[in-house]
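One file, run26.tsv, is given below (TSV, C-alpha atoms).
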chain	number	residue	atom	x	y	z
A	1	MET	CA	-12.96	-15.11	-5.85
A	2	ARG	CA	-14.47	-18.51	-5.15
A	3	THR	CA	-17.91	-19.13	-3.71
A	4	LYS	CA	-19.55	-22.27	-2.39
A	5	THR	CA	-22.88	-23.45	-1.08
A	6	LEU	CA	-22.17	-25.65	1.94
A	7	HIS	CA	-24.03	-27.64	4.58
A	8	ILE	CA	-22.97	-27.37	8.22
A	9	PRO	CA	-23.74	-30.30	10.56
A	10	THR	CA	-25.56	-29.12	13.69
A	11	VAL	CA	-27.30	-30.77	16.63
A	12	ASP	CA	-30.64	-30.22	14.90
A	13	GLY	CA	-29.74	-31.07	11.31
A	14	ARG	CA	-27.74	-29.37	8.58
A	15	ALA	CA	-27.56	-25.63	8.03
A	16	ASP	CA	-27.10	-24.47	4.47
A	17	ALA	CA	-24.53	-21.71	4.13
A	18	PHE	CA	-22.77	-19.47	1.62
A	19	ALA	CA	-19.00	-19.09	1.63
A	20	ALA	CA	-16.72	-16.72	-0.26
A	21	PHE	CA	-12.91	-16.66	-0.22
A	22	PRO	CA	-9.94	-15.63	-2.38
A	23	ASP	CA	-9.00	-18.10	-5.09
A	24	ARG	CA	-5.27	-18.09	-4.49
A	25	GLY	CA	-4.70	-21.56	-3.09
A	26	GLU	CA	-3.76	-20.14	0.30
A	27	ARG	CA	-5.26	-20.23	3.78
A	28	HIS	CA	-7.07	-17.15	5.03
A	29	PRO	CA	-8.41	-15.90	8.38
A	30	GLY	CA	-11.99	-16.99	8.98
A	31	VAL	CA	-14.96	-14.67	9.44
A	32	LEU	CA	-18.42	-15.84	10.48
A	33	MET	CA	-21.00	-13.41	9.08
A	34	TYR	CA	-24.52	-13.42	10.51
A	35	ALA	CA	-27.19	-12.07	8.17
A	36	ASP	CA	-29.98	-9.76	9.22
A	37	GLY	CA	-33.46	-11.17	9.72
A	38	PHE	CA	-34.13	-11.25	5.98
A	39	GLY	CA	-31.42	-13.88	5.62
A	40	ILE	CA	-29.12	-14.97	2.81
A	41	ARG	CA	-29.96	-13.19	-0.45
A	42	PRO	CA	-28.04	-11.38	-3.22
A	43	VAL	CA	-27.03	-8.37	-1.08
A	44	LEU	CA	-25.57	-10.65	1.63
A	45	ARG	CA	-23.68	-12.69	-0.94
A	46	GLU	CA	-22.26	-9.50	-2.41
A	47	MET	CA	-21.16	-8.24	1.02
A	48	ALA	CA	-19.52	-11.59	1.76
A	49	ARG	CA	-17.68	-11.46	-1.57
A	50	GLU	CA	-16.49	-7.92	-0.92
A	51	LEU	CA	-15.18	-8.86	2.52
A	52	ALA	CA	-13.55	-12.00	1.12
A	53	GLY	CA	-11.81	-9.84	-1.48
A	54	ASN	CA	-9.85	-8.29	1.37
A	55	GLY	CA	-8.27	-11.65	2.19
A	56	TYR	CA	-10.78	-13.51	4.35
A	57	TYR	CA	-12.77	-16.73	4.23
A	58	VAL	CA	-16.34	-15.59	4.91
A	59	LEU	CA	-19.03	-18.03	6.02
A	60	VAL	CA	-22.69	-16.92	6.01
A	61	PRO	CA	-25.04	-19.54	7.54
A	62	ASN	CA	-28.79	-19.70	7.06
A	63	LEU	CA	-29.98	-18.79	10.56
A	64	PHE	CA	-33.39	-20.34	10.02
A	65	TYR	CA	-32.32	-23.64	8.48
A	66	ARG	CA	-34.68	-25.53	10.78
A	67	HIS	CA	-37.52	-24.10	8.70
A	68	GLY	CA	-35.98	-24.82	5.29
A	69	PRO	CA	-33.13	-23.75	2.99
A	70	ALA	CA	-32.50	-20.10	2.17
A	71	PRO	CA	-34.44	-18.14	1.18
A	72	VAL	CA	-36.75	-19.50	3.88
A	73	ILE	CA	-39.46	-17.05	2.84
A	74	GLU	CA	-40.03	-15.41	-0.52
A	75	LEU	CA	-38.55	-11.92	-0.59
A	76	PRO	CA	-39.15	-9.12	-3.08
A	77	GLU	CA	-36.13	-7.86	-5.00
A	78	HIS	CA	-36.40	-4.62	-3.04
A	79	ILE	CA	-37.78	-4.80	0.49
A	80	GLY	CA	-39.63	-1.49	0.60
A	81	GLU	CA	-41.95	-0.15	3.27
A	82	GLU	CA	-45.02	-1.51	1.53
A	83	ALA	CA	-43.62	-5.06	1.61
A	84	ARG	CA	-42.34	-5.05	5.19
A	85	PRO	CA	-45.57	-5.90	7.07
A	86	ALA	CA	-46.15	-9.07	5.06
A	87	VAL	CA	-42.48	-10.05	5.23
A	88	PHE	CA	-42.27	-9.54	8.98
A	89	ALA	CA	-45.49	-11.46	9.55
A	90	GLN	CA	-43.64	-14.48	8.15
A	91	LEU	CA	-40.28	-13.71	9.75
A	92	MET	CA	-41.25	-13.01	13.34
A	93	PRO	CA	-42.24	-16.61	14.20
A	94	LEU	CA	-38.84	-17.76	12.90
A	95	ILE	CA	-36.98	-15.11	14.90
A	96	GLU	CA	-38.95	-15.91	18.06
A	97	ALA	CA	-38.23	-19.63	17.64
A	98	HIS	CA	-34.49	-18.92	17.40
A	99	THR	CA	-33.88	-19.09	21.14
A	100	ALA	CA	-30.66	-18.24	22.95
A	101	GLU	CA	-30.04	-21.97	23.39
A	102	ARG	CA	-30.34	-22.53	19.65
A	103	VAL	CA	-28.10	-19.54	18.94
A	104	LEU	CA	-25.29	-20.92	21.10
A	105	SER	CA	-25.67	-24.49	19.86
A	106	ASP	CA	-25.53	-23.28	16.26
A	107	ALA	CA	-22.58	-21.01	17.01
A	108	ASP	CA	-20.61	-24.00	18.25
A	109	ALA	CA	-21.35	-25.83	15.00
A	110	TYR	CA	-20.62	-22.83	12.75
A	111	LEU	CA	-17.25	-22.11	14.37
A	112	ARG	CA	-16.25	-25.76	14.41
A	113	PHE	CA	-17.06	-25.97	10.70
A	114	LEU	CA	-15.37	-22.66	9.82
A	115	THR	CA	-12.11	-23.47	11.58
A	116	THR	CA	-11.82	-26.88	9.92
A	117	GLN	CA	-12.22	-25.72	6.33
A	118	PRO	CA	-9.07	-26.37	4.27
A	119	GLU	CA	-8.99	-22.77	3.06
A	120	VAL	CA	-9.04	-21.34	6.61
A	121	GLY	CA	-5.78	-20.75	8.44
A	122	ALA	CA	-4.98	-21.55	12.03
A	123	GLY	CA	-5.51	-18.80	14.56
A	124	PRO	CA	-8.37	-16.67	15.80
A	125	VAL	CA	-11.51	-15.80	13.84
A	126	ALA	CA	-13.90	-12.86	13.72
A	127	VAL	CA	-17.68	-12.64	13.85
A	128	THR	CA	-19.77	-9.89	12.29
A	129	GLY	CA	-23.51	-9.43	12.12
A	130	TYR	CA	-26.30	-7.17	10.96
A	131	CYS	CA	-29.58	-6.37	12.73
A	132	ILE	CA	-30.52	-9.49	14.75
A	133	GLY	CA	-27.28	-10.98	13.45
A	134	GLY	CA	-25.40	-8.35	15.46
A	135	LEU	CA	-26.89	-9.72	18.66
A	136	LEU	CA	-25.97	-13.26	17.56
A	137	ALA	CA	-22.42	-12.10	16.82
A	138	MET	CA	-22.03	-10.70	20.34
A	139	ARG	CA	-23.45	-13.87	21.90
A	140	THR	CA	-21.08	-15.98	19.81
A	141	ALA	CA	-18.04	-13.92	20.77
A	142	SER	CA	-18.97	-14.06	24.46
A	143	ALA	CA	-19.35	-17.83	24.33
A	144	HIS	CA	-15.98	-18.37	22.57
A	145	PRO	CA	-13.52	-15.96	24.19
A	146	GLY	CA	-10.49	-18.05	23.31
A	147	LEU	CA	-11.32	-18.24	19.63
A	148	VAL	CA	-13.08	-15.03	18.57
A	149	ALA	CA	-10.62	-12.14	18.39
A	150	ALA	CA	-12.94	-9.54	16.84
A	151	VAL	CA	-16.67	-8.92	16.74
A	152	ALA	CA	-18.58	-6.23	14.87
A	153	ALA	CA	-22.31	-5.55	14.98
A	154	PHE	CA	-24.21	-3.07	12.82
A	155	HIS	CA	-27.70	-1.70	13.57
A	156	GLY	CA	-28.14	-4.62	15.98
A	157	PRO	CA	-29.86	-4.87	19.41
A	158	VAL	CA	-26.55	-5.64	21.09
A	159	GLY	CA	-27.60	-4.60	24.60
A	160	ALA	CA	-30.67	-6.83	24.62
A	161	ASP	CA	-29.04	-9.42	26.91
A	162	GLY	CA	-28.18	-6.85	29.58
A	163	PRO	CA	-24.85	-5.44	30.80
A	164	ASP	CA	-23.73	-8.72	32.38
A	165	SER	CA	-23.58	-10.27	28.90
A	166	PHE	CA	-20.33	-8.40	28.20
A	167	SER	CA	-18.39	-9.90	31.09
A	168	LYS	CA	-16.89	-12.77	29.08
A	169	LEU	CA	-15.96	-10.74	26.00
A	170	THR	CA	-12.26	-10.81	25.19
A	171	ALA	CA	-12.63	-9.88	21.51
A	172	GLN	CA	-12.05	-6.37	20.22
A	173	VAL	CA	-15.47	-4.92	19.43
A	174	HIS	CA	-16.97	-2.39	17.04
A	175	LEU	CA	-20.62	-1.41	17.31
A	176	GLY	CA	-22.15	0.74	14.56
A	177	HIS	CA	-25.58	1.93	15.67
A	178	ALA	CA	-28.36	3.47	13.60
A	179	GLU	CA	-29.38	6.92	14.75
A	180	GLY	CA	-32.99	5.76	14.54
A	181	ASP	CA	-32.27	2.90	16.97
A	182	MET	CA	-30.07	4.53	19.59
A	183	THR	CA	-30.35	7.78	21.51
A	184	PRO	CA	-27.18	9.44	22.82
A	185	GLU	CA	-28.37	8.61	26.35
A	186	ALA	CA	-28.81	4.93	25.52
A	187	LEU	CA	-25.40	4.92	23.82
A	188	GLY	CA	-23.86	6.34	26.98
A	189	GLU	CA	-25.41	3.59	29.10
A	190	LEU	CA	-24.28	0.86	26.69
A	191	ASN	CA	-20.74	2.21	26.54
A	192	LYS	CA	-20.61	2.48	30.32
A	193	ALA	CA	-21.53	-1.22	30.57
A	194	LEU	CA	-18.77	-2.07	28.09
A	195	ASP	CA	-16.30	0.02	30.09
A	196	THR	CA	-17.31	-1.72	33.32
A	197	ALA	CA	-16.75	-5.10	31.68
A	198	GLY	CA	-13.29	-4.03	30.49
A	199	VAL	CA	-14.10	-4.52	26.81
A	200	ASP	CA	-11.75	-3.11	24.15
A	201	TYR	CA	-14.31	-1.44	21.91
A	202	THR	CA	-15.52	1.38	19.71
A	203	SER	CA	-19.23	2.15	19.77
A	204	GLU	CA	-20.81	4.95	17.80
A	205	ILE	CA	-24.01	6.19	16.24
A	206	TYR	CA	-23.70	6.53	12.46
A	207	PRO	CA	-25.17	10.00	11.78
A	208	GLY	CA	-28.44	10.31	9.90
A	209	THR	CA	-29.06	6.56	9.67
A	210	ILE	CA	-32.06	4.37	10.30
A	211	HIS	CA	-32.25	0.67	11.11
A	212	GLY	CA	-30.87	-1.45	8.27
A	213	PHE	CA	-28.57	1.18	6.76
A	214	THR	CA	-26.06	-1.35	5.37
A	215	MET	CA	-28.60	-3.23	3.25
A	216	SER	CA	-28.86	-1.93	-0.32
A	217	ASP	CA	-32.08	-3.84	-1.02
A	218	THR	CA	-34.05	-1.88	1.60
A	219	ASP	CA	-35.34	1.68	1.94
A	220	ALA	CA	-33.03	2.14	4.93
A	221	PHE	CA	-29.89	1.89	2.80
A	222	ASP	CA	-27.32	4.67	3.25
A	223	PRO	CA	-24.29	4.39	0.91
A	224	GLY	CA	-22.16	6.66	3.08
A	225	ALA	CA	-22.94	4.64	6.20
A	226	LEU	CA	-22.16	1.40	4.37
A	227	GLN	CA	-18.74	2.81	3.50
A	228	ARG	CA	-18.27	3.92	7.11
A	229	HIS	CA	-19.06	0.31	8.11
A	230	TRP	CA	-16.26	-0.96	5.85
A	231	ASP	CA	-13.92	1.76	7.14
A	232	ARG	CA	-14.48	0.47	10.68
A	233	LEU	CA	-14.69	-3.26	9.99
A	234	LEU	CA	-11.65	-3.79	7.78
A	235	PRO	CA	-9.06	-2.19	10.12
A	236	LEU	CA	-10.56	-4.15	13.04
A	237	LEU	CA	-10.08	-7.42	11.17
A	238	ASP	CA	-6.65	-6.42	9.92
A	239	ARG	CA	-5.24	-5.75	13.36
A	240	THR	CA	-6.87	-8.72	15.10
A	241	LEU	CA	-6.58	-11.44	12.46
A	242	THR	CA	-3.91	-10.73	9.87
A	243	ASP	CA	-1.39	-9.31	12.34
A	244	SER	CA	-1.68	-12.47	14.43
Give the structure from this file in structure tokens form.
Amino acid sequence: MRTKTLHIPTVDGRADAFAAFPDRGERHPGVLMYADGFGIRPVLREMARELAGNGYYVLVPNLFYRHGPAPVIELPEHIGEEARPAVFAQLMPLIEAHTAERVLSDADAYLRFLTTQPEVGAGPVAVTGYCIGGLLAMRTASAHPGLVAAVAAFHGPVGADGPDSFSKLTAQVHLGHAEGDMTPEALGELNKALDTAGVDYTSEIYPGTIHGFTMSDTDAFDPGALQRHWDRLLPLLDRTLTDS
């Protein structure tokens, strides 16, 4: 497995990023991975490496590069409940400054960069995201229907843009919701909006989970739910990227 620290040219500067990909001298399907609000850190690098080990070039950009290189704020090794208030006090201004316009401008730059890397093969790409990154993944897929063949979002506020936001989605979609974030009634409304838009999707609540269940450096971590996430994500990528 090879890893790189890269810099992606954007309209507003250069975004630092982490990339992982198999070291076999071949080209691989590209996956853009959006971090959660805590950003690039050891757990995200490990998840990118694990995904890359299944045959993908995985690019993880620093969402908040306008405020500095990752880690933009100092994070404890384990982000427990006692640390969260202070961490979020620093993070929320960065999240609020990351407007929809910035998200789409950055997405253009990230996908342009990803698809021109020498280790990335021709053909469609996938986008995956965690927490706020799940919302960014959905926005990116909607804005690039001819390029993004698969999108997956985990414990993310994917319905925040309203039901009309799904109308341009052509990618196959998987949504893995935390039980603490999504009631069955809300899930039914979200899935109805996806049905109305004609989206090819799976959308489910992961039982017994709370927000952030994929992240092993938080109190929300659920090993079984993380495995369920891989069990959903890898077949989605296999049928949309490798088969093509």
Could I get the residues of stretch 117-163 of chain A with an atom no further than 9 Å from an atom of stretch 212-229 of chain A, each paired with its nearest atom pair and that distance in Å to one decimal, using all atoms listed in the file, sorted by chain and residue number, as a tab-separated table?
residue	atom	partner	partner_atom	distance
A:Tyr130	CA	A:Gly212	CA	7.8
A:Cys131	CA	A:Gly212	CA	6.8
A:Phe154	CA	A:His229	CA	7.8
A:His155	CA	A:Gly212	CA	6.2
A:Gly156	CA	A:Gly212	CA	8.8
Could you please take those selected residues and save C-alpha atoms as a PDB file, in the coordinates of the input?
ATOM      1  CA  TYR A 130     -26.300  -7.170  10.960  1.00  0.00           C
ATOM      2  CA  CYS A 131     -29.580  -6.370  12.730  1.00  0.00           C
ATOM      3  CA  PHE A 154     -24.210  -3.070  12.820  1.00  0.00           C
ATOM      4  CA  HIS A 155     -27.700  -1.700  13.570  1.00  0.00           C
ATOM      5  CA  GLY A 156     -28.140  -4.620  15.980  1.00  0.00           C
TER       6      GLY A 156
END
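A straight line drawn from atom CA of A:Lys4 to atom CA of A:Ala19 is 5.2 Å long.
Shortest separation to A:Ala153 among A:Gly198, A:Pro61, A:Gly176, A:Gly188 occurs at residue A:Gly176, atoms counted being all atoms listed in the file.
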Among A:Val11, A:Ile205, A:Ala150, A:Ala178, A:Asp106 is approached most closely, using all atoms listed in the file, by A:Val11
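In this model, the gap between atom CA of A:Leu135 and atom CA of A:Gln117 comes to 25.0 Å.
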Counting only C-alpha atoms, which of A:Asp108, A:Glu185, A:Glu101, A:Glu81 gets nearest to A:Leu32?
A:Asp108
Find the smallest box with edges along x, y and z containing every listed atom of stretch 117-125 of chain A, then add 8 Å on each side and report centre and edge lengths in Å to one decimal, as lines of an AutoDock Vina configuration file.
center_x = -8.6
center_y = -21.1
center_z = 9.4
size_x = 23.2
size_y = 26.6
size_z = 28.7
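Our summary of the geometry notes that atom CA of A:Ala48 is positioned 10.6 Å from atom CA of A:Met1.
Proximity to A:Pro93 was assessed for A:Gly25, A:Pro157, A:Gly80, A:Gly37 counting all atoms listed in the file; the smallest distance is recorded for A:Gly37.
Residues within 8 Å of A:Ala35, counting only C-alpha atoms and excluding same-chain residues fewer than 5 positions away, are A:Ile40, A:Leu44, A:Val60, A:Pro61, A:Asn62, A:Leu63, A:Gly129, A:Tyr130, A:Cys131, A:Ile132, A:Gly133.
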Got a sec: who's within 8 Å of A:Val103, counting only C-alpha atoms, leaving out chain neighbours fewer than 6 positions off, as a count of residues only?
3
Residue neighbourhood A:Ala89, 12 Å, all atoms listed in the file, exclusion window fewer than 6 positions, as a VMD selection string
chain A and resid 38 73 83 95 to 96
Which is closest to A:Ala160 among A:Thr128, A:Leu190, A:Glu82, A:Leu147, if we use all atoms listed in the file?
A:Leu190
Have a look at A:Arg112, A:Arg2, A:His98, A:Arg239 and name the one nearest to A:Arg45; count only C-alpha atoms.
A:Arg2
Here's a test: counting only C-alpha atoms, identify every protein, DNA and RNA residue with an atom at most 10 Å from (-16.6, -12.3, 1.9) in the file's coordinate frame, and state them as a PyMOL selection string.
chain A and resi 1-3+18-22+30-33+44-60
Restricting it to C-alpha atoms, dump the selection as a tab-separated table (two decimals), in the frame of the given file.
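The new file part.tsv reads:
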chain	number	residue	atom	x	y	z
A	1	MET	CA	-12.96	-15.11	-5.85
A	2	ARG	CA	-14.47	-18.51	-5.15
A	3	THR	CA	-17.91	-19.13	-3.71
A	18	PHE	CA	-22.77	-19.47	1.62
A	19	ALA	CA	-19.00	-19.09	1.63
A	20	ALA	CA	-16.72	-16.72	-0.26
A	21	PHE	CA	-12.91	-16.66	-0.22
A	22	PRO	CA	-9.94	-15.63	-2.38
A	30	GLY	CA	-11.99	-16.99	8.98
A	31	VAL	CA	-14.96	-14.67	9.44
A	32	LEU	CA	-18.42	-15.84	10.48
A	33	MET	CA	-21.00	-13.41	9.08
A	44	LEU	CA	-25.57	-10.65	1.63
A	45	ARG	CA	-23.68	-12.69	-0.94
A	46	GLU	CA	-22.26	-9.50	-2.41
A	47	MET	CA	-21.16	-8.24	1.02
A	48	ALA	CA	-19.52	-11.59	1.76
A	49	ARG	CA	-17.68	-11.46	-1.57
A	50	GLU	CA	-16.49	-7.92	-0.92
A	51	LEU	CA	-15.18	-8.86	2.52
A	52	ALA	CA	-13.55	-12.00	1.12
A	53	GLY	CA	-11.81	-9.84	-1.48
A	54	ASN	CA	-9.85	-8.29	1.37
A	55	GLY	CA	-8.27	-11.65	2.19
A	56	TYR	CA	-10.78	-13.51	4.35
A	57	TYR	CA	-12.77	-16.73	4.23
A	58	VAL	CA	-16.34	-15.59	4.91
A	59	LEU	CA	-19.03	-18.03	6.02
A	60	VAL	CA	-22.69	-16.92	6.01
